[in-house]
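*Asks:* Below is the file structure-v7.tsv, which contains TSV, C-alpha atoms.
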chain	number	residue	atom	x	y	z
A	1	MET	CA	0.00	0.00	0.00
A	2	ASP	CA	1.42	3.33	-1.04
A	3	LYS	CA	-1.19	5.72	0.35
A	4	ILE	CA	0.10	9.16	1.28
A	5	GLU	CA	-1.60	12.17	2.82
A	6	VAL	CA	-2.46	15.01	0.48
A	7	ASN	CA	-3.84	18.55	0.90
A	8	ILE	CA	-7.39	18.44	2.33
A	9	ASN	CA	-8.29	21.72	0.64
A	10	MET	CA	-8.06	20.36	-2.92
A	11	THR	CA	-10.96	17.98	-2.87
A	12	CYS	CA	-10.49	15.72	-5.86
A	13	TYR	CA	-13.86	14.64	-7.18
A	14	PRO	CA	-15.63	16.20	-10.18
A	15	MET	CA	-18.07	18.82	-8.91
A	16	PRO	CA	-21.01	19.60	-11.18
A	17	CYS	CA	-21.54	23.34	-11.70
A	18	MET	CA	-24.79	25.24	-11.67
A	19	LEU	CA	-26.06	28.79	-11.61
A	20	ILE	CA	-28.39	29.46	-8.70
A	21	GLY	CA	-31.07	31.99	-9.53
A	22	THR	CA	-33.18	34.11	-7.22
A	23	MET	CA	-34.83	37.50	-7.12
A	24	VAL	CA	-33.03	40.00	-4.90
A	25	GLY	CA	-35.38	42.89	-4.53
A	26	GLU	CA	-36.71	43.67	-8.01
A	27	LYS	CA	-33.84	42.08	-9.90
A	28	ALA	CA	-32.88	38.57	-10.95
A	29	ASN	CA	-29.47	37.44	-9.74
A	30	PHE	CA	-27.42	34.39	-10.68
A	31	MET	CA	-24.39	32.94	-8.92
A	32	THR	CA	-22.18	29.97	-9.81
A	33	VAL	CA	-22.25	27.14	-7.27
A	34	ALA	CA	-20.36	23.83	-7.17
A	35	TYR	CA	-21.39	22.84	-3.63
A	36	PHE	CA	-24.77	21.27	-4.30
A	37	SER	CA	-26.46	17.88	-4.50
A	38	GLN	CA	-29.82	16.26	-4.71
A	39	VAL	CA	-30.46	14.88	-1.19
A	40	SER	CA	-33.79	13.08	-1.53
A	41	LEU	CA	-35.61	11.44	-4.43
A	42	LYS	CA	-39.13	11.39	-2.98
A	43	PRO	CA	-39.84	14.15	-2.14
A	44	PRO	CA	-37.33	15.57	-4.66
A	45	TYR	CA	-35.09	17.73	-2.48
A	46	ILE	CA	-31.92	19.46	-3.59
A	47	LEU	CA	-29.40	21.26	-1.37
A	48	ALA	CA	-27.07	24.16	-2.14
A	49	ALA	CA	-24.38	25.39	0.27
A	50	LEU	CA	-23.76	29.14	0.10
A	51	ASP	CA	-21.30	31.21	2.08
A	52	LYS	CA	-23.22	33.52	4.40
A	53	GLU	CA	-21.57	36.53	2.76
A	54	HIS	CA	-23.31	35.97	-0.57
A	55	TYR	CA	-25.87	38.37	-2.02
A	56	THR	CA	-28.09	35.47	-3.11
A	57	ASN	CA	-28.92	34.27	0.43
A	58	ALA	CA	-31.18	37.22	1.31
A	59	GLY	CA	-33.11	36.79	-1.93
A	60	ILE	CA	-33.85	33.12	-1.26
A	61	LYS	CA	-35.00	33.93	2.26
A	62	GLU	CA	-37.23	36.76	1.05
A	63	THR	CA	-38.87	34.93	-1.85
A	64	GLY	CA	-38.77	31.34	-0.53
A	65	ALA	CA	-37.70	30.27	-4.01
A	66	PHE	CA	-34.62	29.62	-6.11
A	67	SER	CA	-33.69	27.96	-9.37
A	68	ILE	CA	-30.87	25.65	-10.40
A	69	ASN	CA	-29.68	26.22	-13.95
A	70	ILE	CA	-27.27	23.77	-15.57
A	71	PRO	CA	-24.93	25.52	-18.03
A	72	SER	CA	-23.37	23.73	-21.00
A	73	THR	CA	-19.63	23.78	-21.72
A	74	SER	CA	-20.26	26.51	-24.32
A	75	MET	CA	-21.30	28.74	-21.40
A	76	ALA	CA	-18.09	28.22	-19.39
A	77	GLU	CA	-16.90	31.82	-19.67
A	78	VAL	CA	-20.16	33.40	-18.50
A	79	THR	CA	-20.51	30.74	-15.79
A	80	ASP	CA	-17.06	31.62	-14.50
A	81	TYR	CA	-17.96	35.32	-14.61
A	82	CYS	CA	-21.06	34.74	-12.46
A	83	GLY	CA	-18.83	33.08	-9.85
A	84	LEU	CA	-16.25	35.86	-9.89
A	85	VAL	CA	-18.48	38.89	-9.35
A	86	SER	CA	-21.07	39.56	-6.65
A	87	GLY	CA	-24.57	40.89	-7.24
A	88	LYS	CA	-23.71	43.45	-4.57
A	89	LYS	CA	-21.54	45.27	-7.11
A	90	PHE	CA	-22.56	43.92	-10.52
A	91	ASP	CA	-26.04	43.80	-11.98
A	92	LYS	CA	-26.32	40.26	-13.37
A	93	SER	CA	-30.03	40.57	-14.20
A	94	THR	CA	-29.34	41.23	-17.90
A	95	VAL	CA	-26.56	38.69	-18.46
A	96	PHE	CA	-29.06	36.02	-19.54
A	97	GLU	CA	-32.51	35.79	-21.05
A	98	VAL	CA	-34.78	35.01	-18.08
A	99	PHE	CA	-37.98	32.97	-17.82
A	100	TYR	CA	-40.27	32.10	-14.91
A	101	GLY	CA	-41.93	28.77	-14.25
A	102	LYS	CA	-45.23	27.65	-12.77
A	103	GLU	CA	-44.70	29.26	-9.35
A	104	GLY	CA	-43.35	32.41	-10.96
A	105	LYS	CA	-40.99	33.31	-8.14
A	106	ALA	CA	-37.55	32.12	-9.22
A	107	PRO	CA	-35.84	33.49	-12.33
A	108	MET	CA	-34.43	30.82	-14.66
A	109	ILE	CA	-31.92	31.02	-17.49
A	110	VAL	CA	-33.19	30.38	-21.01
A	111	GLU	CA	-29.67	29.70	-22.35
A	112	CYS	CA	-29.13	26.84	-19.85
A	113	PRO	CA	-30.24	23.52	-21.32
A	114	TYR	CA	-31.74	22.28	-18.05
A	115	ASN	CA	-33.48	24.16	-15.21
A	116	LEU	CA	-34.95	23.19	-11.86
A	117	GLU	CA	-37.56	25.38	-10.18
A	118	CYS	CA	-37.30	25.01	-6.40
A	119	LYS	CA	-39.36	25.98	-3.39
A	120	LEU	CA	-37.40	26.61	-0.18
A	121	VAL	CA	-38.01	23.91	2.44
A	122	GLN	CA	-35.36	24.47	5.10
A	123	ILE	CA	-32.21	26.47	5.87
A	124	ILE	CA	-29.44	24.92	7.94
A	125	ASP	CA	-26.90	27.15	9.62
A	126	LEU	CA	-23.45	25.54	9.37
A	127	ALA	CA	-20.33	27.42	10.45
A	128	GLY	CA	-19.75	30.07	7.71
A	129	ASP	CA	-22.30	28.62	5.32
A	130	GLU	CA	-26.03	28.31	4.95
A	131	LEU	CA	-27.45	25.13	3.45
A	132	PHE	CA	-30.57	25.85	1.43
A	133	ILE	CA	-32.80	22.83	0.88
A	134	GLY	CA	-35.41	23.19	-1.83
A	135	GLU	CA	-38.12	20.98	-3.22
A	136	ILE	CA	-37.96	20.62	-6.99
A	137	VAL	CA	-41.42	21.70	-8.15
A	138	ALA	CA	-40.68	21.54	-11.88
A	139	ALA	CA	-37.88	20.75	-14.34
A	140	TYR	CA	-37.51	22.43	-17.72
A	141	SER	CA	-35.55	21.69	-20.85
A	142	ASP	CA	-35.93	22.04	-24.62
A	143	ASP	CA	-36.50	19.50	-27.41
A	144	ARG	CA	-32.95	20.01	-28.61
A	145	TYR	CA	-31.63	18.45	-25.40
A	146	LEU	CA	-34.00	15.49	-25.19
A	147	THR	CA	-33.83	11.94	-26.50
A	148	ASP	CA	-37.18	10.12	-26.43
A	149	GLY	CA	-38.56	12.89	-24.20
A	150	ILE	CA	-35.80	12.51	-21.57
A	151	PRO	CA	-33.00	15.03	-20.96
A	152	ASP	CA	-29.85	13.61	-22.53
A	153	MET	CA	-26.62	14.29	-20.61
A	154	ALA	CA	-24.54	14.24	-23.82
A	155	LYS	CA	-26.76	16.91	-25.38
A	156	VAL	CA	-26.93	19.02	-22.20
A	157	ASP	CA	-23.11	18.84	-22.16
A	158	PRO	CA	-22.71	20.14	-18.57
A	159	LEU	CA	-19.70	21.64	-16.84
A	160	LEU	CA	-17.66	20.05	-14.06
A	161	LEU	CA	-15.18	21.72	-11.75
A	162	SER	CA	-11.84	20.16	-10.85
A	163	VAL	CA	-10.72	21.95	-7.67
A	164	PRO	CA	-7.11	20.62	-7.68
A	165	GLN	CA	-6.62	21.64	-11.32
A	166	MET	CA	-8.69	24.87	-10.99
A	167	ALA	CA	-10.29	23.85	-14.29
A	168	TYR	CA	-13.66	23.23	-15.86
A	169	LEU	CA	-14.10	19.83	-17.45
A	170	SER	CA	-16.69	18.31	-19.72
A	171	VAL	CA	-18.45	14.99	-19.28
A	172	GLY	CA	-16.79	12.07	-21.08
A	173	PRO	CA	-17.94	8.82	-22.66
A	174	GLN	CA	-20.26	6.28	-21.09
A	175	VAL	CA	-18.57	3.62	-18.94
A	176	GLY	CA	-21.49	1.25	-18.39
A	177	ARG	CA	-25.09	0.75	-17.26
A	178	ALA	CA	-25.91	1.91	-13.74
A	179	PHE	CA	-27.85	-0.48	-11.46
A	180	GLU	CA	-27.03	-3.20	-13.97
A	181	MET	CA	-23.32	-3.87	-14.49
A	182	GLY	CA	-22.80	-4.98	-10.87
A	183	LYS	CA	-25.46	-7.69	-11.07
A	184	SER	CA	-23.05	-10.29	-12.47
A	185	ARG	CA	-21.06	-10.02	-9.24
A	186	ILE	CA	-24.15	-10.87	-7.15
A	187	LYS	CA	-24.61	-14.12	-9.05
A	188	LYS	CA	-20.95	-15.02	-8.54
A	189	GLY	CA	-21.53	-15.32	-4.87
B	1	MET	CA	-38.28	30.34	-26.05
B	2	ASP	CA	-38.96	26.64	-26.39
B	3	LYS	CA	-38.77	25.53	-22.77
B	4	ILE	CA	-40.91	22.53	-21.91
B	5	GLU	CA	-41.55	20.71	-18.64
B	6	VAL	CA	-39.78	17.41	-18.18
B	7	ASN	CA	-39.88	14.63	-15.56
B	8	ILE	CA	-38.65	15.93	-12.18
B	9	ASN	CA	-37.43	12.48	-11.16
B	10	MET	CA	-34.68	12.29	-13.79
B	11	THR	CA	-32.41	15.00	-12.50
B	12	CYS	CA	-30.05	15.82	-15.35
B	13	TYR	CA	-26.72	16.92	-13.97
B	14	PRO	CA	-23.64	14.69	-13.68
B	15	MET	CA	-23.51	13.25	-10.16
B	16	PRO	CA	-20.08	12.22	-8.89
B	17	CYS	CA	-20.04	8.74	-7.35
B	18	MET	CA	-18.34	7.64	-4.17
B	19	LEU	CA	-18.25	4.68	-1.83
B	20	ILE	CA	-19.05	5.63	1.74
B	21	GLY	CA	-17.20	3.51	4.27
B	22	THR	CA	-17.97	2.88	7.92
B	23	MET	CA	-17.63	0.17	10.50
B	24	VAL	CA	-20.89	-1.59	11.31
B	25	GLY	CA	-20.22	-3.63	14.41
B	26	GLU	CA	-16.92	-5.43	13.80
B	27	LYS	CA	-17.04	-5.23	10.01
B	28	ALA	CA	-16.20	-2.65	7.39
B	29	ASN	CA	-19.06	-1.79	5.06
B	30	PHE	CA	-19.11	0.22	1.83
B	31	MET	CA	-22.09	1.65	-0.03
B	32	THR	CA	-22.28	3.58	-3.30
B	33	VAL	CA	-23.62	7.13	-2.94
B	34	ALA	CA	-24.29	9.82	-5.57
B	35	TYR	CA	-26.09	12.26	-3.26
B	36	PHE	CA	-23.13	14.06	-1.69
B	37	SER	CA	-21.27	17.35	-1.86
B	38	GLN	CA	-18.67	19.37	-0.09
B	39	VAL	CA	-20.64	22.07	1.77
B	40	SER	CA	-17.91	24.20	3.38
B	41	LEU	CA	-14.28	24.92	2.54
B	42	LYS	CA	-13.13	26.17	5.94
B	43	PRO	CA	-13.80	24.13	7.98
B	44	PRO	CA	-13.79	21.43	5.28
B	45	TYR	CA	-17.24	19.87	5.63
B	46	ILE	CA	-18.76	17.29	3.32
B	47	LEU	CA	-22.36	16.05	3.33
B	48	ALA	CA	-23.81	12.69	2.28
B	49	ALA	CA	-27.56	12.00	2.05
B	50	LEU	CA	-28.52	8.45	2.94
B	51	ASP	CA	-31.96	6.87	2.97
B	52	LYS	CA	-32.90	6.01	6.57
B	53	GLU	CA	-33.28	2.36	5.58
B	54	HIS	CA	-29.59	1.92	4.87
B	55	TYR	CA	-27.32	-0.32	6.92
B	56	THR	CA	-24.53	2.29	6.88
B	57	ASN	CA	-26.42	4.89	8.96
B	58	ALA	CA	-26.20	2.97	12.24
B	59	GLY	CA	-22.46	2.47	11.77
B	60	ILE	CA	-21.81	6.19	11.27
B	61	LYS	CA	-23.87	7.02	14.36
B	62	GLU	CA	-22.07	4.42	16.45
B	63	THR	CA	-18.51	5.26	15.40
B	64	GLY	CA	-18.88	9.00	14.64
B	65	ALA	CA	-16.77	8.44	11.56
B	66	PHE	CA	-17.04	7.64	7.86
B	67	SER	CA	-14.89	7.72	4.77
B	68	ILE	CA	-15.50	8.89	1.21
B	69	ASN	CA	-13.72	6.79	-1.38
B	70	ILE	CA	-13.59	7.93	-5.01
B	71	PRO	CA	-13.57	4.98	-7.42
B	72	SER	CA	-12.01	5.16	-10.87
B	73	THR	CA	-13.88	4.14	-14.04
B	74	SER	CA	-12.04	0.79	-13.94
B	75	MET	CA	-13.98	0.09	-10.70
B	76	ALA	CA	-17.43	0.73	-12.23
B	77	GLU	CA	-18.64	-2.86	-11.89
B	78	VAL	CA	-17.72	-3.24	-8.21
B	79	THR	CA	-19.04	0.28	-7.49
B	80	ASP	CA	-22.37	-0.66	-9.03
B	81	TYR	CA	-22.39	-3.88	-6.99
B	82	CYS	CA	-21.92	-1.95	-3.73
B	83	GLY	CA	-24.97	0.13	-4.61
B	84	LEU	CA	-27.10	-2.89	-5.51
B	85	VAL	CA	-26.65	-5.00	-2.39
B	86	SER	CA	-27.14	-4.09	1.27
B	87	GLY	CA	-24.72	-4.85	4.08
B	88	LYS	CA	-27.74	-6.31	5.88
B	89	LYS	CA	-27.57	-9.35	3.58
B	90	PHE	CA	-24.12	-9.22	1.95
B	91	ASP	CA	-20.78	-9.03	3.72
B	92	LYS	CA	-18.90	-6.31	1.81
B	93	SER	CA	-15.97	-6.21	4.25
B	94	THR	CA	-13.78	-8.38	1.98
B	95	VAL	CA	-14.66	-6.82	-1.38
B	96	PHE	CA	-11.75	-4.34	-1.13
B	97	GLU	CA	-8.39	-4.08	0.55
B	98	VAL	CA	-8.99	-1.81	3.56
B	99	PHE	CA	-6.78	0.73	5.31
B	100	TYR	CA	-7.33	3.08	8.26
B	101	GLY	CA	-6.15	6.66	8.58
B	102	LYS	CA	-4.93	8.85	11.42
B	103	GLU	CA	-8.13	8.61	13.50
B	104	GLY	CA	-8.37	4.89	12.82
B	105	LYS	CA	-12.16	4.70	12.95
B	106	ALA	CA	-13.32	4.74	9.33
B	107	PRO	CA	-12.34	1.97	6.89
B	108	MET	CA	-11.01	3.24	3.55
B	109	ILE	CA	-10.53	1.51	0.21
B	110	VAL	CA	-6.96	0.97	-1.00
B	111	GLU	CA	-8.10	0.41	-4.61
B	112	CYS	CA	-9.76	3.86	-4.76
B	113	PRO	CA	-7.33	6.51	-6.01
B	114	TYR	CA	-8.59	9.16	-3.57
B	115	ASN	CA	-9.95	8.87	-0.02
B	116	LEU	CA	-11.34	11.32	2.52
B	117	GLU	CA	-11.33	10.46	6.23
B	118	CYS	CA	-14.25	12.20	7.96
B	119	LYS	CA	-15.38	12.85	11.49
B	120	LEU	CA	-19.13	13.16	12.01
B	121	VAL	CA	-20.19	16.72	12.84
B	122	GLN	CA	-23.98	16.74	12.55
B	123	ILE	CA	-26.94	14.64	11.36
B	124	ILE	CA	-29.97	16.33	9.82
B	125	ASP	CA	-33.27	14.49	9.69
B	126	LEU	CA	-34.98	15.20	6.36
B	127	ALA	CA	-38.13	13.33	5.35
B	128	GLY	CA	-36.95	9.79	4.45
B	129	ASP	CA	-33.27	10.66	4.49
B	130	GLU	CA	-30.55	11.48	6.95
B	131	LEU	CA	-27.93	14.05	5.97
B	132	PHE	CA	-24.56	13.20	7.49
B	133	ILE	CA	-22.16	16.14	7.68
B	134	GLY	CA	-18.55	15.25	8.31
B	135	GLU	CA	-15.38	17.23	8.73
B	136	ILE	CA	-12.58	16.07	6.43
B	137	VAL	CA	-9.70	15.28	8.78
B	138	ALA	CA	-7.36	13.87	6.14
B	139	ALA	CA	-7.16	13.12	2.42
B	140	TYR	CA	-5.19	10.21	0.95
B	141	SER	CA	-3.96	9.31	-2.49
B	142	ASP	CA	-0.98	7.63	-4.13
B	143	ASP	CA	1.95	8.96	-6.18
B	144	ARG	CA	0.47	7.38	-9.30
B	145	TYR	CA	-2.47	9.80	-9.13
B	146	LEU	CA	-0.56	12.98	-8.38
B	147	THR	CA	0.98	15.65	-10.59
B	148	ASP	CA	3.40	17.94	-8.74
B	149	GLY	CA	2.09	16.55	-5.45
B	150	ILE	CA	-1.56	17.39	-6.22
B	151	PRO	CA	-4.27	14.82	-7.00
B	152	ASP	CA	-4.86	14.92	-10.75
B	153	MET	CA	-8.47	14.45	-11.85
B	154	ALA	CA	-7.42	12.88	-15.17
B	155	LYS	CA	-5.31	10.27	-13.34
B	156	VAL	CA	-7.97	9.62	-10.67
B	157	ASP	CA	-10.40	9.09	-13.58
B	158	PRO	CA	-13.58	9.22	-11.42
B	159	LEU	CA	-17.07	7.97	-12.16
B	160	LEU	CA	-20.15	10.10	-12.78
B	161	LEU	CA	-23.78	9.00	-12.74
B	162	SER	CA	-26.29	10.14	-15.35
B	163	VAL	CA	-29.71	9.53	-13.78
B	164	PRO	CA	-31.77	10.07	-16.99
B	165	GLN	CA	-29.56	7.66	-18.94
B	166	MET	CA	-29.07	5.25	-15.98
B	167	ALA	CA	-25.41	5.20	-16.96
B	168	TYR	CA	-21.97	5.77	-15.53
B	169	LEU	CA	-19.87	8.32	-17.37
B	170	SER	CA	-16.23	9.31	-17.24
B	171	VAL	CA	-14.80	12.80	-16.98
B	172	GLY	CA	-13.99	14.44	-20.33
B	173	PRO	CA	-11.46	16.99	-21.56
B	174	GLN	CA	-10.68	20.32	-19.95
B	175	VAL	CA	-12.87	23.24	-21.07
B	176	GLY	CA	-10.98	26.14	-19.50
B	177	ARG	CA	-9.44	27.69	-16.40
B	178	ALA	CA	-11.75	28.16	-13.43
B	179	PHE	CA	-11.76	31.54	-11.65
B	180	GLU	CA	-9.91	32.89	-14.68
B	181	MET	CA	-11.77	32.60	-17.99
B	182	GLY	CA	-14.60	34.89	-16.84
B	183	LYS	CA	-12.25	37.77	-16.00
B	184	SER	CA	-12.27	39.13	-19.56
B	185	ARG	CA	-15.99	39.76	-19.17
B	186	ILE	CA	-15.40	41.88	-16.04
B	187	LYS	CA	-13.09	44.19	-17.98
B	188	LYS	CA	-15.70	44.49	-20.73
B	189	GLY	CA	-18.02	46.05	-18.14
In structure tokens, how does this file's structure come out?

*Replies:*
Amino acid sequence: MDKIEVNINMTCYPMPCMLIGTMVGEKANFMTVAYFSQVSLKPPYILAALDKEHYTNAGIKETGAFSINIPSTSMAEVTDYCGLVSGKKFDKSTVFEVFYGKEGKAPMIVECPYNLECKLVQIIDLAGDELFIGEIVAAYSDDRYLTDGIPDMAKVDPLLLSVPQMAYLSVGPQVGRAFEMGKSRIKKG
Amino acid sequence: MDKIEVNINMTCYPMPCMLIGTMVGEKANFMTVAYFSQVSLKPPYILAALDKEHYTNAGIKETGAFSINIPSTSMAEVTDYCGLVSGKKFDKSTVFEVFYGKEGKAPMIVECPYNLECKLVQIIDLAGDELFIGEIVAAYSDDRYLTDGIPDMAKVDPLLLSVPQMAYLSVGPQVGRAFEMGKSRIKKG
């Protein structure tokens, strides 16, 4: 065994990237977030961790709503921009074409191939961060990104963040069938 | 605008995959998890969402420790297996070569190119799930997976899950520099 200790601040797993959207006052605001995950299938809950300093937090608390917008690799530059500048100083309401879903409270990004409209369920206070848990009330896409009516990851072409390399990555080829390829091992014993 | 509503249960963003490790009684157990994310940089906190029914939960509560083990694409079959079968019925303690870190409480997987040793900080009860928040106390890798002493995502070659396609994916080529490529847009105004 040749395991060695490495820097704990360069977490080495591929983090998906999204733009979190919310109204802050009268204006839509979008911020890039890589600390997020679905946390429950039924009900469909998704969690985003935001530093308490962020401009977005107050908007989510005020409106009780936020959106998760998945950018494609072709949007890497603007996604990076939305992570670099704060809504406190920069008006990001006109960066994208905005649409609203069935609840009408959370701004969503037309240019993003996949959008989740979320209703705030719970906020957890955690050291310097706030964890916002939302229920997914609707998901949106566009025919261009679907195969047989289902969003197709290859067509969505999402962005990943590599923290150690400080780089955005794309999604690569398929490796195998999930919930299927391990079955042969069950039979073996 | 051609946005249409799609199925909310086929969340279309690339979910990183990991094997969560814990002792359950006298035995090491490992389960595949795609619902997880780092949630704080300082302190380094990571969160995993586990259905309350899982065998792993009791072990984390008892020991106050768990590990996050990042499998490479070459481990897709065994990773899938560890998500298909429960420790309640299958002894997964001998599936991998196991090592222990500085705290010595959480079993980790030698075959995984990257491992995080975590100390339980908080458990959040959320509908049918429990959210386990752990502090990363150490990270482990192997010279083979490092470039200039830093874990290299391309060498780690981690697995992603596409829920809509029910498929495992690999990580693709680099798109651009994070926290850098958006700067040109700031200058533009």

*Asks:* Output as a PDB file with C-alpha atoms, in the frame of the given file the set of chain B residues within 7 Å of chain A, with distances taken over all atoms listed in the file.

*Replies:*
ATOM      1  CA  ASP B   2     -38.960  26.640 -26.390  1.00  0.00           C
ATOM      2  CA  LYS B   3     -38.770  25.530 -22.770  1.00  0.00           C
ATOM      3  CA  ILE B   4     -40.910  22.530 -21.910  1.00  0.00           C
ATOM      4  CA  GLU B   5     -41.550  20.710 -18.640  1.00  0.00           C
ATOM      5  CA  VAL B   6     -39.780  17.410 -18.180  1.00  0.00           C
ATOM      6  CA  ASN B   7     -39.880  14.630 -15.560  1.00  0.00           C
ATOM      7  CA  ILE B   8     -38.650  15.930 -12.180  1.00  0.00           C
ATOM      8  CA  CYS B  12     -30.050  15.820 -15.350  1.00  0.00           C
ATOM      9  CA  TYR B  13     -26.720  16.920 -13.970  1.00  0.00           C
ATOM     10  CA  PRO B  14     -23.640  14.690 -13.680  1.00  0.00           C
ATOM     11  CA  MET B  15     -23.510  13.250 -10.160  1.00  0.00           C
ATOM     12  CA  PRO B  16     -20.080  12.220  -8.890  1.00  0.00           C
ATOM     13  CA  TYR B  35     -26.090  12.260  -3.260  1.00  0.00           C
ATOM     14  CA  PHE B  36     -23.130  14.060  -1.690  1.00  0.00           C
ATOM     15  CA  SER B  37     -21.270  17.350  -1.860  1.00  0.00           C
ATOM     16  CA  GLN B  38     -18.670  19.370  -0.090  1.00  0.00           C
ATOM     17  CA  VAL B  39     -20.640  22.070   1.770  1.00  0.00           C
ATOM     18  CA  SER B  40     -17.910  24.200   3.380  1.00  0.00           C
ATOM     19  CA  ALA B  49     -27.560  12.000   2.050  1.00  0.00           C
ATOM     20  CA  THR B  73     -13.880   4.140 -14.040  1.00  0.00           C
ATOM     21  CA  GLU B  77     -18.640  -2.860 -11.890  1.00  0.00           C
ATOM     22  CA  VAL B  78     -17.720  -3.240  -8.210  1.00  0.00           C
ATOM     23  CA  ASP B  80     -22.370  -0.660  -9.030  1.00  0.00           C
ATOM     24  CA  TYR B  81     -22.390  -3.880  -6.990  1.00  0.00           C
ATOM     25  CA  LEU B  84     -27.100  -2.890  -5.510  1.00  0.00           C
ATOM     26  CA  ASP B 129     -33.270  10.660   4.490  1.00  0.00           C
ATOM     27  CA  ALA B 138      -7.360  13.870   6.140  1.00  0.00           C
ATOM     28  CA  ALA B 139      -7.160  13.120   2.420  1.00  0.00           C
ATOM     29  CA  TYR B 140      -5.190  10.210   0.950  1.00  0.00           C
ATOM     30  CA  SER B 141      -3.960   9.310  -2.490  1.00  0.00           C
ATOM     31  CA  ASP B 142      -0.980   7.630  -4.130  1.00  0.00           C
ATOM     32  CA  ILE B 150      -1.560  17.390  -6.220  1.00  0.00           C
ATOM     33  CA  PRO B 151      -4.270  14.820  -7.000  1.00  0.00           C
ATOM     34  CA  ASP B 152      -4.860  14.920 -10.750  1.00  0.00           C
ATOM     35  CA  MET B 153      -8.470  14.450 -11.850  1.00  0.00           C
ATOM     36  CA  PRO B 158     -13.580   9.220 -11.420  1.00  0.00           C
ATOM     37  CA  SER B 162     -26.290  10.140 -15.350  1.00  0.00           C
ATOM     38  CA  PRO B 164     -31.770  10.070 -16.990  1.00  0.00           C
ATOM     39  CA  GLN B 165     -29.560   7.660 -18.940  1.00  0.00           C
ATOM     40  CA  MET B 166     -29.070   5.250 -15.980  1.00  0.00           C
ATOM     41  CA  ALA B 167     -25.410   5.200 -16.960  1.00  0.00           C
ATOM     42  CA  TYR B 168     -21.970   5.770 -15.530  1.00  0.00           C
ATOM     43  CA  LEU B 169     -19.870   8.320 -17.370  1.00  0.00           C
ATOM     44  CA  SER B 170     -16.230   9.310 -17.240  1.00  0.00           C
ATOM     45  CA  VAL B 171     -14.800  12.800 -16.980  1.00  0.00           C
ATOM     46  CA  GLY B 172     -13.990  14.440 -20.330  1.00  0.00           C
ATOM     47  CA  PRO B 173     -11.460  16.990 -21.560  1.00  0.00           C
ATOM     48  CA  GLN B 174     -10.680  20.320 -19.950  1.00  0.00           C
ATOM     49  CA  VAL B 175     -12.870  23.240 -21.070  1.00  0.00           C
ATOM     50  CA  GLY B 176     -10.980  26.140 -19.500  1.00  0.00           C
ATOM     51  CA  ARG B 177      -9.440  27.690 -16.400  1.00  0.00           C
ATOM     52  CA  ALA B 178     -11.750  28.160 -13.430  1.00  0.00           C
ATOM     53  CA  PHE B 179     -11.760  31.540 -11.650  1.00  0.00           C
ATOM     54  CA  MET B 181     -11.770  32.600 -17.990  1.00  0.00           C
ATOM     55  CA  GLY B 182     -14.600  34.890 -16.840  1.00  0.00           C
ATOM     56  CA  LYS B 183     -12.250  37.770 -16.000  1.00  0.00           C
ATOM     57  CA  ARG B 185     -15.990  39.760 -19.170  1.00  0.00           C
TER      58      ARG B 185
END

*Asks:* Figure out the distance between CA of Ala28 in chain A and CA of Phe96 in chain A, please, to one decimal in Å.

*Replies:*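 Atom-to-atom, CA of Phe96 in chain A and CA of Ala28 in chain A are spaced 9.7 Å apart.
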
*Asks:* Using CA of Ala65 in chain B and CA of Phe132 in chain B as the two end points, give the distance in Å to one decimal.

*Replies:*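 Taking CA of Ala65 in chain B and CA of Phe132 in chain B, their separation equals 10.0 Å.
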
*Asks:* Counting only C-alpha atoms, find residues at most 7 Å from (-22.9, 32.9, -5.0) (file frame) and give them as a list in words.

*Replies:*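 Final list of nearby residues, as requested, is Met31, Thr32, Val33, Leu50, His54, Tyr55, Thr56 and Gly83 of chain A.
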
*Asks:* Please produce a file of those selected residues containing C-alpha atoms, as a PDB file, in the coordinates of the input.

*Replies:*
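And here's out_29.pdb as it stands now:
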ATOM      1  CA  MET A  31     -24.390  32.940  -8.920  1.00  0.00           C
ATOM      2  CA  THR A  32     -22.180  29.970  -9.810  1.00  0.00           C
ATOM      3  CA  VAL A  33     -22.250  27.140  -7.270  1.00  0.00           C
ATOM      4  CA  LEU A  50     -23.760  29.140   0.100  1.00  0.00           C
ATOM      5  CA  HIS A  54     -23.310  35.970  -0.570  1.00  0.00           C
ATOM      6  CA  TYR A  55     -25.870  38.370  -2.020  1.00  0.00           C
ATOM      7  CA  THR A  56     -28.090  35.470  -3.110  1.00  0.00           C
ATOM      8  CA  GLY A  83     -18.830  33.080  -9.850  1.00  0.00           C
TER       9      GLY A  83
END

*Asks:* Between B:Met23, B:Ala58, B:Ile123, B:Met75, which is the closest to Ala106 in chain B once you count only C-alpha atoms?

*Replies:* B:Met23

*Asks:* Could you state the separation of CA of Thr63 in chain A and CA of Gly104 in chain A in Å, given to one decimal place?

*Replies:*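 Between these atoms lies a distance of 10.5 Å.
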
*Asks:* Grab all the atoms of range 75-80 of chain B that the file lists, wrap them in a box along x, y and z, add 5 Å per side, and give me centre plus edge lengths in Å (one decimal) as AutoDock Vina command-line options.

*Replies:*
--center_x -18.2 --center_y -1.3 --center_z -9.9 --size_x 18.4 --size_y 14.0 --size_z 14.7
